[in-house]
$ cat run-v4.pdb   # PDB, C-alpha atoms and all ligand atoms
ATOM      1  CA  TYR A  17      23.299  -1.728 -16.244
ATOM      2  CA  SER A  18      21.306  -0.951 -19.302
ATOM      3  CA  GLN A  19      18.138  -2.380 -20.657
ATOM      4  CA  ASP A  20      16.089  -0.668 -23.255
ATOM      5  CA  ARG A  21      12.561  -0.877 -21.900
ATOM      6  CA  TYR A  22      11.172  -0.419 -18.435
ATOM      7  CA  ILE A  23       7.815  -1.338 -17.038
ATOM      8  CA  LYS A  24       7.041   2.187 -15.829
ATOM      9  CA  ASP A  25       7.128   3.444 -19.433
ATOM     10  CA  GLN A  26       4.664   0.845 -20.691
ATOM     11  CA  TYR A  27       1.567   2.060 -18.918
ATOM     12  CA  THR A  28      -0.464   5.242 -18.832
ATOM     13  CA  PHE A  29      -0.711   5.026 -15.027
ATOM     14  CA  PRO A  30       2.096   5.029 -12.444
ATOM     15  CA  ILE A  31       3.892   1.781 -11.620
ATOM     16  CA  GLY A  32       5.215   1.881  -8.086
ATOM     17  CA  ALA A  33       7.158  -0.082  -5.540
ATOM     18  CA  SER A  34       7.343   0.143  -1.803
ATOM     19  CA  VAL A  35      10.926   0.646  -0.781
ATOM     20  CA  ASN A  36      13.226   0.298   2.131
ATOM     21  CA  PRO A  37      15.637   3.230   2.611
ATOM     22  CA  ARG A  38      18.444   0.997   3.863
ATOM     23  CA  LEU A  39      18.409  -1.125   0.715
ATOM     24  CA  LEU A  40      18.077   1.976  -1.399
ATOM     25  CA  SER A  41      21.247   3.457   0.046
ATOM     26  CA  THR A  42      23.342   0.274   0.369
ATOM     27  CA  ASN A  43      22.340  -1.981  -2.506
ATOM     28  CA  GLU A  44      23.130  -0.732  -5.971
ATOM     29  CA  ALA A  45      21.101  -3.324  -7.881
ATOM     30  CA  TYR A  46      18.065  -2.521  -5.762
ATOM     31  CA  ARG A  47      18.517   1.199  -6.240
ATOM     32  CA  ASN A  48      18.941   0.778 -10.004
ATOM     33  CA  LEU A  49      15.711  -1.140 -10.283
ATOM     34  CA  ALA A  50      13.830   1.284  -8.056
ATOM     35  CA  THR A  51      15.108   4.116 -10.220
ATOM     36  CA  SER A  52      14.602   2.705 -13.690
ATOM     37  CA  GLU A  53      11.604   0.442 -13.376
ATOM     38  CA  PHE A  54       9.204   2.438 -11.213
ATOM     39  CA  ASN A  55       7.816   5.953 -11.226
ATOM     40  CA  SER A  56       6.062   5.888  -7.890
ATOM     41  CA  ILE A  57       7.439   5.107  -4.455
ATOM     42  CA  THR A  58       5.797   4.149  -1.179
ATOM     43  CA  ALA A  59       7.673   3.831   2.110
ATOM     44  CA  GLU A  60       7.322   0.190   3.112
ATOM     45  CA  ASN A  61       7.557   1.117   6.800
ATOM     46  CA  HIS A  62       9.109   4.483   7.528
ATOM     47  CA  MET A  63       6.055   6.698   7.499
ATOM     48  CA  LYS A  64       4.150   4.451   9.895
ATOM     49  CA  MET A  65       3.368   5.653  13.408
ATOM     50  CA  MET A  66       5.946   3.489  15.169
ATOM     51  CA  LEU A  67       8.835   4.746  13.084
ATOM     52  CA  ILE A  68       7.847   8.332  12.461
ATOM     53  CA  HIS A  69       6.497   9.140  15.943
ATOM     54  CA  PRO A  70       8.539   6.989  18.347
ATOM     55  CA  ASP A  71       7.810   9.100  21.401
ATOM     56  CA  SER A  72       5.024  11.480  22.277
ATOM     57  CA  GLU A  73       7.199  14.545  21.800
ATOM     58  CA  LEU A  74       9.417  13.058  19.122
ATOM     59  CA  PHE A  75       8.884  12.807  15.384
ATOM     60  CA  ASP A  76      11.598  11.133  13.341
ATOM     61  CA  PHE A  77      11.256  12.167   9.721
ATOM     62  CA  SER A  78      14.814  11.217   8.755
ATOM     63  CA  LYS A  79      14.080   8.069   6.732
ATOM     64  CA  GLY A  80      10.893   9.390   5.220
ATOM     65  CA  ASP A  81      12.789  12.500   4.163
ATOM     66  CA  GLU A  82      15.454  10.307   2.557
ATOM     67  CA  LEU A  83      12.771   8.654   0.473
ATOM     68  CA  ILE A  84      11.265  12.016  -0.443
ATOM     69  CA  GLN A  85      14.701  13.159  -1.567
ATOM     70  CA  PHE A  86      15.148  10.010  -3.652
ATOM     71  CA  ALA A  87      11.743  10.576  -5.217
ATOM     72  CA  ARG A  88      12.525  14.195  -5.976
ATOM     73  CA  ASP A  89      15.991  13.469  -7.410
ATOM     74  CA  ASN A  90      14.611  10.746  -9.637
ATOM     75  CA  ASN A  91      11.319  12.199 -10.674
ATOM     76  CA  LYS A  92       9.089   9.788  -8.804
ATOM     77  CA  ARG A  93       5.704  10.298  -7.322
ATOM     78  CA  MET A  94       5.650   9.603  -3.574
ATOM     79  CA  HIS A  95       2.612   7.962  -2.023
ATOM     80  CA  GLY A  96       2.154   8.344   1.742
ATOM     81  CA  HIS A  97       1.616   5.190   3.796
ATOM     82  CA  THR A  98       0.049   5.329   6.385
ATOM     83  CA  LEU A  99      -1.376   7.801   8.908
ATOM     84  CA  VAL A 100      -3.590   5.552  11.046
ATOM     85  CA  TRP A 101      -3.253   1.801  11.496
ATOM     86  CA  HIS A 102      -3.677  -0.689  14.338
ATOM     87  CA  ASN A 103      -0.249  -2.248  13.633
ATOM     88  CA  GLN A 104       3.212  -0.765  14.067
ATOM     89  CA  VAL A 105       1.894   1.600  16.688
ATOM     90  CA  PRO A 106       4.537   2.941  19.109
ATOM     91  CA  ALA A 107       4.457   1.687  22.712
ATOM     92  CA  TRP A 108       3.657   5.138  24.065
ATOM     93  CA  MET A 109       0.450   5.280  22.014
ATOM     94  CA  LEU A 110      -0.570   1.800  23.152
ATOM     95  CA  ALA A 111      -0.063   2.972  26.729
ATOM     96  CA  PHE A 112      -1.845   6.293  26.217
ATOM     97  CA  SER A 113      -4.758   7.042  28.480
ATOM     98  CA  GLY A 114      -7.183   9.904  28.580
ATOM     99  CA  ASP A 115     -10.709  10.929  27.719
ATOM    100  CA  LEU A 116     -12.143  11.314  24.224
ATOM    101  CA  GLN A 117     -10.772  14.843  23.909
ATOM    102  CA  ALA A 118      -7.259  13.738  24.882
ATOM    103  CA  TRP A 119      -7.330  10.832  22.421
ATOM    104  CA  GLU A 120      -8.604  13.082  19.660
ATOM    105  CA  ASN A 121      -5.919  15.656  20.321
ATOM    106  CA  MET A 122      -3.250  12.971  20.284
ATOM    107  CA  LEU A 123      -4.366  11.385  16.999
ATOM    108  CA  LYS A 124      -5.052  14.743  15.351
ATOM    109  CA  ASN A 125      -1.603  15.974  16.316
ATOM    110  CA  HIS A 126      -0.031  12.852  14.835
ATOM    111  CA  ILE A 127      -1.941  13.051  11.574
ATOM    112  CA  GLN A 128      -1.521  16.762  11.093
ATOM    113  CA  THR A 129       2.159  16.938  12.030
ATOM    114  CA  VAL A 130       3.006  14.169   9.566
ATOM    115  CA  ALA A 131       0.693  15.378   6.809
ATOM    116  CA  LYS A 132       1.989  18.954   7.134
ATOM    117  CA  HIS A 133       5.596  17.814   7.113
ATOM    118  CA  TYR A 134       5.044  16.058   3.791
ATOM    119  CA  GLN A 135       2.595  18.564   2.350
ATOM    120  CA  GLY A 136       3.255  19.092  -1.336
ATOM    121  CA  GLN A 137       5.695  16.165  -1.364
ATOM    122  CA  VAL A 138       3.323  13.238  -1.327
ATOM    123  CA  SER A 139       0.532  13.005  -3.871
ATOM    124  CA  GLY A 140      -1.719  11.056  -1.569
ATOM    125  CA  TRP A 141      -2.077   9.354   1.803
ATOM    126  CA  ASP A 142      -3.408   6.056   3.001
ATOM    127  CA  VAL A 143      -5.220   7.869   5.782
ATOM    128  CA  VAL A 144      -6.704   4.819   7.459
ATOM    129  CA  ASN A 145      -5.386   1.317   6.902
ATOM    130  CA  GLU A 146      -7.212  -1.980   7.546
ATOM    131  CA  ALA A 147     -10.020  -0.703   9.768
ATOM    132  CA  PHE A 148     -12.376  -3.630   9.112
ATOM    133  CA  LEU A 149     -12.285  -7.296   9.966
ATOM    134  CA  ASP A 150     -13.101  -9.886   7.334
ATOM    135  CA  ASP A 151     -16.703 -10.121   8.574
ATOM    136  CA  GLY A 152     -17.171  -6.414   7.931
ATOM    137  CA  SER A 153     -17.183  -5.303  11.561
ATOM    138  CA  LEU A 154     -15.014  -2.464  12.764
ATOM    139  CA  ARG A 155     -11.661  -3.856  13.856
ATOM    140  CA  PRO A 156     -11.077  -3.567  17.596
ATOM    141  CA  SER A 157      -8.059  -1.306  18.135
ATOM    142  CA  ILE A 158      -6.995   1.528  20.378
ATOM    143  CA  TRP A 159      -8.483   3.832  17.730
ATOM    144  CA  SER A 160     -11.948   2.286  17.461
ATOM    145  CA  LYS A 161     -12.051   1.783  21.217
ATOM    146  CA  ASN A 162     -11.130   5.317  22.202
ATOM    147  CA  ILE A 163     -12.382   7.416  19.289
ATOM    148  CA  PRO A 164     -15.603   5.884  17.976
ATOM    149  CA  ASP A 165     -15.749   8.073  14.848
ATOM    150  CA  TYR A 166     -11.987   7.943  14.221
ATOM    151  CA  ILE A 167     -12.144   7.081  10.531
ATOM    152  CA  ALA A 168     -14.160  10.145   9.529
ATOM    153  CA  LYS A 169     -12.176  12.357  11.878
ATOM    154  CA  SER A 170      -8.873  11.122  10.512
ATOM    155  CA  PHE A 171      -9.898  11.981   6.965
ATOM    156  CA  GLN A 172     -11.083  15.408   8.086
ATOM    157  CA  TRP A 173      -7.865  16.138   9.983
ATOM    158  CA  ALA A 174      -5.681  14.924   7.127
ATOM    159  CA  HIS A 175      -7.572  17.119   4.691
ATOM    160  CA  GLU A 176      -7.148  20.196   6.893
ATOM    161  CA  ALA A 177      -3.410  19.568   7.096
ATOM    162  CA  ASP A 178      -2.834  18.894   3.382
ATOM    163  CA  PRO A 179      -5.832  19.966   1.307
ATOM    164  CA  ASN A 180      -4.189  18.903  -1.964
ATOM    165  CA  ALA A 181      -3.332  15.336  -1.021
ATOM    166  CA  LEU A 182      -5.594  12.572  -2.327
ATOM    167  CA  LEU A 183      -6.927  10.718   0.673
ATOM    168  CA  PHE A 184      -7.280   6.926   0.499
ATOM    169  CA  TYR A 185      -8.880   4.237   2.561
ATOM    170  CA  ASN A 186      -6.592   1.191   2.201
ATOM    171  CA  ASP A 187      -7.316  -2.455   3.003
ATOM    172  CA  TYR A 188      -6.588  -6.063   1.985
ATOM    173  CA  GLY A 189      -8.488  -9.201   1.092
ATOM    174  CA  GLN A 190     -11.549  -7.552  -0.434
ATOM    175  CA  ASP A 191     -11.691 -10.227  -3.146
ATOM    176  CA  GLY A 192     -12.375 -13.191  -0.907
ATOM    177  CA  LYS A 193     -14.320 -11.241   1.718
ATOM    178  CA  PRO A 194     -17.639  -9.801   0.535
ATOM    179  CA  HIS A 195     -18.595  -8.525   4.008
ATOM    180  CA  LYS A 196     -15.398  -6.571   4.318
ATOM    181  CA  MET A 197     -15.941  -5.135   0.849
ATOM    182  CA  GLU A 198     -19.480  -4.152   1.792
ATOM    183  CA  ALA A 199     -18.209  -2.392   4.919
ATOM    184  CA  ILE A 200     -15.734  -0.427   2.812
ATOM    185  CA  LEU A 201     -18.420   0.610   0.333
ATOM    186  CA  ASN A 202     -20.674   1.655   3.215
ATOM    187  CA  LEU A 203     -17.853   3.684   4.700
ATOM    188  CA  VAL A 204     -17.396   5.506   1.406
ATOM    189  CA  LYS A 205     -21.126   6.263   1.207
ATOM    190  CA  ASP A 206     -21.193   7.449   4.783
ATOM    191  CA  LEU A 207     -18.197   9.755   4.357
ATOM    192  CA  GLN A 208     -19.578  11.141   1.112
ATOM    193  CA  ALA A 209     -23.010  11.738   2.671
ATOM    194  CA  ARG A 210     -21.327  13.655   5.502
ATOM    195  CA  GLN A 211     -19.127  15.556   3.043
ATOM    196  CA  ILE A 212     -15.973  14.202   4.612
ATOM    197  CA  PRO A 213     -13.221  14.209   1.996
ATOM    198  CA  ILE A 214     -12.202  10.791   0.658
ATOM    199  CA  HIS A 215     -10.663  10.528  -2.778
ATOM    200  CA  GLY A 216      -9.471   7.010  -3.257
ATOM    201  CA  LEU A 217      -9.593   3.349  -2.377
ATOM    202  CA  GLY A 218      -6.427   1.339  -1.920
ATOM    203  CA  LEU A 219      -6.751  -2.353  -2.681
ATOM    204  CA  GLN A 220      -3.595  -3.870  -1.280
ATOM    205  CA  MET A 221      -3.752  -6.931  -3.549
ATOM    206  CA  HIS A 222      -1.688  -9.274  -1.420
ATOM    207  CA  ILE A 223      -3.086 -12.211  -3.308
ATOM    208  CA  ASN A 224      -1.970 -15.664  -4.329
ATOM    209  CA  ILE A 225      -2.250 -17.705  -7.490
ATOM    210  CA  SER A 226      -5.518 -19.279  -6.313
ATOM    211  CA  ALA A 227      -7.331 -15.946  -5.991
ATOM    212  CA  LYS A 228     -10.494 -16.202  -8.043
ATOM    213  CA  ASN A 229     -10.556 -14.111 -11.180
ATOM    214  CA  GLU A 230     -14.238 -13.312 -10.830
ATOM    215  CA  ASP A 231     -13.712 -12.135  -7.234
ATOM    216  CA  ILE A 232     -10.940  -9.811  -8.330
ATOM    217  CA  ARG A 233     -13.008  -8.455 -11.191
ATOM    218  CA  ARG A 234     -16.000  -7.924  -8.934
ATOM    219  CA  VAL A 235     -14.180  -5.926  -6.252
ATOM    220  CA  ILE A 236     -12.595  -3.798  -8.942
ATOM    221  CA  GLU A 237     -16.015  -3.104 -10.451
ATOM    222  CA  GLN A 238     -17.479  -2.302  -7.039
ATOM    223  CA  SER A 239     -14.562  -0.025  -6.194
ATOM    224  CA  THR A 240     -14.731   1.725  -9.536
ATOM    225  CA  ALA A 241     -18.462   2.345  -9.130
ATOM    226  CA  THR A 242     -17.709   4.648  -6.179
ATOM    227  CA  GLY A 243     -16.118   7.075  -8.626
ATOM    228  CA  LEU A 244     -13.029   7.304  -6.404
ATOM    229  CA  ALA A 245      -9.424   6.905  -7.530
ATOM    230  CA  ILE A 246      -8.265   3.296  -7.357
ATOM    231  CA  HIS A 247      -4.795   2.240  -6.220
ATOM    232  CA  PHE A 248      -3.566  -1.327  -6.238
ATOM    233  CA  SER A 249      -1.376  -0.337  -3.370
ATOM    234  CA  GLU A 250       0.661  -3.381  -2.276
ATOM    235  CA  LEU A 251       0.580  -5.937  -5.060
ATOM    236  CA  ASP A 252       2.303  -9.270  -4.664
ATOM    237  CA  ILE A 253       1.169 -12.693  -5.867
ATOM    238  CA  ALA A 254       2.205 -15.577  -3.647
ATOM    239  CA  VAL A 255       2.942 -18.885  -5.338
ATOM    240  CA  ASN A 256       3.452 -20.989  -2.204
ATOM    241  CA  PRO A 257       0.808 -19.658   0.197
ATOM    242  CA  LYS A 258       0.976 -22.681   2.506
ATOM    243  CA  ASN A 259       4.736 -22.254   2.903
ATOM    244  CA  ASP A 260       5.484 -25.787   1.759
ATOM    245  CA  SER A 261       9.201 -26.311   2.400
ATOM    246  CA  THR A 262       9.508 -28.698  -0.552
ATOM    247  CA  PHE A 263       7.943 -26.216  -2.944
ATOM    248  CA  VAL A 264       9.644 -25.755  -6.298
ATOM    249  CA  PHE A 265       8.863 -22.695  -8.375
ATOM    250  CA  ASN A 266       8.287 -24.784 -11.477
ATOM    251  CA  GLU A 267       6.852 -23.966 -14.880
ATOM    252  CA  ALA A 268       3.279 -24.557 -13.763
ATOM    253  CA  ALA A 269       3.611 -22.163 -10.828
ATOM    254  CA  LYS A 270       5.327 -19.595 -13.036
ATOM    255  CA  GLU A 271       2.566 -19.860 -15.583
ATOM    256  CA  ALA A 272      -0.132 -19.528 -12.922
ATOM    257  CA  GLN A 273       1.560 -16.433 -11.514
ATOM    258  CA  MET A 274       1.887 -14.931 -14.961
ATOM    259  CA  GLN A 275      -1.815 -15.464 -15.648
ATOM    260  CA  LYS A 276      -2.716 -13.825 -12.362
ATOM    261  CA  PHE A 277      -0.489 -10.789 -12.948
ATOM    262  CA  ASN A 278      -2.056 -10.456 -16.388
ATOM    263  CA  LEU A 279      -5.535 -10.627 -14.961
ATOM    264  CA  VAL A 280      -4.708  -7.965 -12.366
ATOM    265  CA  PHE A 281      -3.121  -5.610 -14.881
ATOM    266  CA  ASN A 282      -5.873  -6.088 -17.456
ATOM    267  CA  ALA A 283      -8.547  -5.509 -14.849
ATOM    268  CA  TYR A 284      -6.757  -2.359 -13.742
ATOM    269  CA  ARG A 285      -6.504  -1.085 -17.301
ATOM    270  CA  ALA A 286     -10.257  -1.430 -17.669
ATOM    271  CA  ILE A 287     -10.769   1.154 -14.908
ATOM    272  CA  PRO A 288     -11.651   4.596 -16.320
ATOM    273  CA  LYS A 289      -8.454   6.576 -16.870
ATOM    274  CA  GLN A 290      -9.271   9.389 -14.469
ATOM    275  CA  GLN A 291      -9.611   6.847 -11.646
ATOM    276  CA  GLN A 292      -6.253   5.155 -12.266
ATOM    277  CA  TYR A 293      -3.869   6.153  -9.492
ATOM    278  CA  GLY A 294      -1.575   3.263 -10.348
ATOM    279  CA  ILE A 295      -0.288  -0.147  -9.375
ATOM    280  CA  THR A 296       2.294  -0.420  -6.598
ATOM    281  CA  PHE A 297       4.270  -3.599  -5.950
ATOM    282  CA  TRP A 298       5.092  -4.431  -2.348
ATOM    283  CA  ASN A 299       8.864  -4.065  -2.710
ATOM    284  CA  VAL A 300      11.263  -4.752  -5.577
ATOM    285  CA  GLY A 301      12.780  -8.245  -5.634
ATOM    286  CA  ASP A 302      11.449 -11.556  -4.339
ATOM    287  CA  ARG A 303      14.153 -11.496  -1.682
ATOM    288  CA  ASP A 304      12.844  -8.170  -0.344
ATOM    289  CA  SER A 305       9.257  -9.319  -0.015
ATOM    290  CA  TRP A 306       7.644  -9.203   3.408
ATOM    291  CA  LEU A 307       6.434 -12.763   2.694
ATOM    292  CA  ARG A 308      10.068 -13.832   3.039
ATOM    293  CA  GLY A 309      11.035 -11.583   5.938
ATOM    294  CA  TYR A 310       7.933 -10.923   8.026
ATOM    295  CA  PHE A 311       6.148 -14.213   7.340
ATOM    296  CA  LYS A 312       9.356 -16.255   7.111
ATOM    297  CA  ARG A 313       8.409 -18.010   3.907
ATOM    298  CA  PRO A 314      11.772 -18.677   2.243
ATOM    299  CA  LYS A 315      10.249 -20.364  -0.807
ATOM    300  CA  GLU A 316       8.090 -17.524  -1.958
ATOM    301  CA  TYR A 317       8.485 -15.647  -5.232
ATOM    302  CA  PRO A 318       5.771 -12.989  -5.334
ATOM    303  CA  LEU A 319       7.323 -10.103  -7.321
ATOM    304  CA  LEU A 320       8.854  -9.258 -10.719
ATOM    305  CA  PHE A 321      12.570  -9.601  -9.953
ATOM    306  CA  ASP A 322      14.416 -12.689  -8.768
ATOM    307  CA  ASP A 323      16.972 -13.071  -5.996
ATOM    308  CA  GLN A 324      19.729 -11.733  -8.261
ATOM    309  CA  TYR A 325      17.518  -8.774  -9.152
ATOM    310  CA  HIS A 326      17.044 -10.098 -12.654
ATOM    311  CA  ARG A 327      13.757  -9.764 -14.457
ATOM    312  CA  LYS A 328      11.639 -12.879 -14.085
ATOM    313  CA  PRO A 329       9.740 -14.255 -17.103
ATOM    314  CA  VAL A 330       6.572 -12.784 -15.645
ATOM    315  CA  TYR A 331       8.153  -9.360 -16.038
ATOM    316  CA  SER A 332       8.471  -9.593 -19.823
ATOM    317  CA  ASN A 333       4.869 -10.476 -20.053
ATOM    318  CA  LEU A 334       3.876  -7.192 -18.427
ATOM    319  CA  LEU A 335       6.416  -5.296 -20.504
ATOM    320  CA  TYR A 336       4.679  -6.151 -23.749
ATOM    321  CA  PRO A 337       1.055  -5.772 -22.840
TER     322      PRO A 337
HETATM  323  C1  LIG B 401       4.466  -4.707   6.252
HETATM  324  C2  LIG B 401       5.927  -4.537   5.858
HETATM  325  O1  LIG B 401       6.095  -5.003   4.546
HETATM  326  C3  LIG B 401       6.817  -5.264   6.806
HETATM  327  O2  LIG B 401       8.173  -4.970   6.553
HETATM  328  C4  LIG B 401       6.480  -4.904   8.252
HETATM  329  O3  LIG B 401       7.238  -5.683   9.129
HETATM  330  C5  LIG B 401       5.006  -5.108   8.526
HETATM  331  O4  LIG B 401       4.256  -4.377   7.591
HETATM  332  N1  LIG B 401      -0.399  -4.226   4.858
HETATM  333  C6  LIG B 401       0.144  -2.974   4.928
HETATM  334  C7  LIG B 401       1.609  -2.800   4.994
HETATM  335  O5  LIG B 401      -0.587  -1.984   4.834
HETATM  336  O6  LIG B 401       1.982  -1.677   5.738
HETATM  337  C8  LIG B 401       2.287  -4.029   5.551
HETATM  338  O7  LIG B 401       3.692  -3.863   5.450
HETATM  339  C9  LIG B 401       1.815  -5.258   4.809
HETATM  340  C10 LIG B 401       0.336  -5.450   4.965
END
$ encode --input "run-v4.pdb" --output "structure tokens" --more "lines below"
Ligand code: XIL
Amino acid sequence: YSQDRYIKDQYTFPIGASVNPRLLSTNEAYRNLATSEFNSITAENHMKMMLIHPDSELFDFSKGDELIQFARDNNKRMHGHTLVWHNQVPAWMLAFSGDLQAWENMLKNHIQTVAKHYQGQVSGWDVVNEAFLDDGSLRPSIWSKNIPDYIAKSFQWAHEADPNALLFYNDYGQDGKPHKMEAILNLVKDLQARQIPIHGLGLQMHINISAKNEDIRRVIEQSTATGLAIHFSELDIAVNPKNDSTFVFNEAAKEAQMQKFNLVFNAYRAIPKQQQYGITFWNVGDRDSWLRGYFKRPKEYPLLFDDQYHRKPVYSNLLYP
């Protein structure tokens, strides 16, 4: 396996991938790509509440630690994902009951135990993930229900545990959802006014080839105007969003995807340098994408590497910007 240029070396900001520790340890082609093509790593799942804190008295850092070790051995930045989310919450948390103080203690203990464990080993954390609905209202969850001010508190607790980590608010779909975007900008203002530490915005960028260029540009401008670091944290570009079983990834679809990747990368490059935390793809090869596995969309090709882990044409385009 040898190729002379790699995407991570073409940009002044980190190029990341979310990874799966099982594939990393069992699949050589996957590991080679993760090692040579990317210089930042996010755990696709293994730092989430359900996996890292399976029981109230039990933290399981084994897989996260494996990823940290991989990052350290191979000179990669590690981005932490995610401390608080409404999904992939362990059953014991869903069943938790208690007053405000009990809920706060429980969430604080989670955040601080995880953030302290990885202190100095992750450069940043998605502290809160997907807290708003598309209409801009606070998403109903055990967190918003039981701890009204949980977003601000989570950032505060994370900062106490790891004062050097960059703390991100991460969400999806900002481009098509102006009310959600507005809620995020208001959150940033509110936290800043209260001097609660927040350092970055994660735009997941799970988009498809029909995403509107002007929408993407606008949310990037609005995000940049906050002065915070900007992370495109989970980039993938779907080509068959309606999961049409007769779909063929033809030249037109390839071209459309290429244009969209270009737009995203060019828009990111226009962000002031000191705000560029990087672009992270949501896994390595098309076959590893959550669109295939989680959403069961077999004819989806959202990433840079094909089912044989070969570079797709869209890759070369990003290699020679
Ligand atoms: C997804 C993973 O990719 C899947 O493997 C898992 O089954 C569900 O979660 N937004 C996020 C990520 O912040 O954590 C999600 O990851 C994708 C959407």
$ closest_residue --input "run-v4.pdb" --among "A:Lys92, A:Arg285, A:Lys24, A:His97" --to "Tyr185 (chain A)" --atoms "only C-alpha atoms"
A:His97
$ residues_near_point --input "run-v4.pdb" --point "(-10.1, 2.6, 20.5)" --cutoff "12 Å" --atoms "only C-alpha atoms" --output "tab-separated table (two decimals) with C-alpha atoms, in the coordinates of the input"
chain	number	residue	atom	x	y	z
A	100	VAL	CA	-3.59	5.55	11.05
A	101	TRP	CA	-3.25	1.80	11.50
A	102	HIS	CA	-3.68	-0.69	14.34
A	109	MET	CA	0.45	5.28	22.01
A	110	LEU	CA	-0.57	1.80	23.15
A	111	ALA	CA	-0.06	2.97	26.73
A	112	PHE	CA	-1.84	6.29	26.22
A	113	SER	CA	-4.76	7.04	28.48
A	114	GLY	CA	-7.18	9.90	28.58
A	115	ASP	CA	-10.71	10.93	27.72
A	116	LEU	CA	-12.14	11.31	24.22
A	119	TRP	CA	-7.33	10.83	22.42
A	120	GLU	CA	-8.60	13.08	19.66
A	123	LEU	CA	-4.37	11.38	17.00
A	147	ALA	CA	-10.02	-0.70	9.77
A	154	LEU	CA	-15.01	-2.46	12.76
A	155	ARG	CA	-11.66	-3.86	13.86
A	156	PRO	CA	-11.08	-3.57	17.60
A	157	SER	CA	-8.06	-1.31	18.14
A	158	ILE	CA	-7.00	1.53	20.38
A	159	TRP	CA	-8.48	3.83	17.73
A	160	SER	CA	-11.95	2.29	17.46
A	161	LYS	CA	-12.05	1.78	21.22
A	162	ASN	CA	-11.13	5.32	22.20
A	163	ILE	CA	-12.38	7.42	19.29
A	164	PRO	CA	-15.60	5.88	17.98
A	165	ASP	CA	-15.75	8.07	14.85
A	166	TYR	CA	-11.99	7.94	14.22
A	167	ILE	CA	-12.14	7.08	10.53
$ closest_atom_pairs --input "run-v4.pdb" --of "chain A" --to "ligand LIG 401 (chain B)" --cutoff "9 Å" --atoms "all atoms listed in the file" --output "tab-separated table"
residue	atom	partner	partner_atom	distance
A:Ser34	CA	B:LIG401	O1	8.3
A:Asn36	CA	B:LIG401	O2	8.5
A:Ala59	CA	B:LIG401	O6	8.7
A:Glu60	CA	B:LIG401	O1	5.5
A:Asn61	CA	B:LIG401	C2	6.0
A:Lys64	CA	B:LIG401	O6	7.7
A:His97	CA	B:LIG401	O6	7.1
A:Thr98	CA	B:LIG401	O6	7.3
A:Trp101	CA	B:LIG401	O5	8.1
A:Asn103	CA	B:LIG401	O4	7.8
A:Gln104	CA	B:LIG401	C5	7.3
A:Asp142	CA	B:LIG401	O5	8.7
A:Asn145	CA	B:LIG401	O5	6.2
A:Glu146	CA	B:LIG401	O5	7.2
A:Asn186	CA	B:LIG401	O5	7.3
A:Asp187	CA	B:LIG401	O5	7.0
A:Tyr188	CA	B:LIG401	N1	7.1
A:Gln220	CA	B:LIG401	N1	6.9
A:His222	CA	B:LIG401	C10	7.7
A:Ser249	CA	B:LIG401	O5	8.4
A:Glu250	CA	B:LIG401	C6	7.2
A:Trp298	CA	B:LIG401	O1	7.0
A:Asn299	CA	B:LIG401	O1	7.8
A:Asp304	CA	B:LIG401	O1	8.9
A:Ser305	CA	B:LIG401	O1	7.0
A:Trp306	CA	B:LIG401	O1	4.6
A:Leu307	CA	B:LIG401	O1	8.0
A:Gly309	CA	B:LIG401	O2	7.2
A:Tyr310	CA	B:LIG401	O3	5.4
A:Phe311	CA	B:LIG401	O3	8.8
$ closest_residue --input "run-v4.pdb" --among "A:Gln292, A:Asn90, A:Gln238, A:Ser72" --to "Asn55 (chain A)" --atoms "only C-alpha atoms"
A:Asn90
$ residues_around --input "run-v4.pdb" --residues "Gln324 (chain A)" --least-positions-apart "2" --cutoff "10 Å" --atoms "only C-alpha atoms" --output "list in words"
Ala45, Tyr46, Gly301, Asp302, Arg303, Phe321, Asp322, His326 and Arg327 of chain A
$ resolve_selection --input "run-v4.pdb" --expression "the PyMOL selection byres (((chain A and resi 272) around 10) and not hetatm)" --output "PyMOL selection string"
chain A and resi 224-226+253+255+267-271+273-278+330
$ closest_residue --input "run-v4.pdb" --among "A:Leu99, A:Gly136, A:Gln26, A:Ala50" --to "His62 (chain A)" --atoms "only C-alpha atoms"
A:Leu99
$ atom_distance --input "run-v4.pdb" --atom1 "CA of Tyr331 (chain A)" --atom2 "CA of Ala33 (chain A)"
14.0 Å
$ atom_distance --input "run-v4.pdb" --atom1 "CA of Val300 (chain A)" --atom2 "CA of His247 (chain A)"
17.5 Å
$ resolve_selection --input "run-v4.pdb" --expression "the PyMOL selection byres (((chain A and resi 141) around 6) and not hetatm)" --output "PDB file with C-alpha atoms, keeping the file's coordinate frame"
ATOM      1  CA  GLY A  96       2.154   8.344   1.742  1.00  0.00           C
ATOM      2  CA  HIS A  97       1.616   5.190   3.796  1.00  0.00           C
ATOM      3  CA  GLY A 140      -1.719  11.056  -1.569  1.00  0.00           C
ATOM      4  CA  ASP A 142      -3.408   6.056   3.001  1.00  0.00           C
ATOM      5  CA  VAL A 143      -5.220   7.869   5.782  1.00  0.00           C
ATOM      6  CA  LEU A 183      -6.927  10.718   0.673  1.00  0.00           C
ATOM      7  CA  PHE A 184      -7.280   6.926   0.499  1.00  0.00           C
TER       8      PHE A 184
END
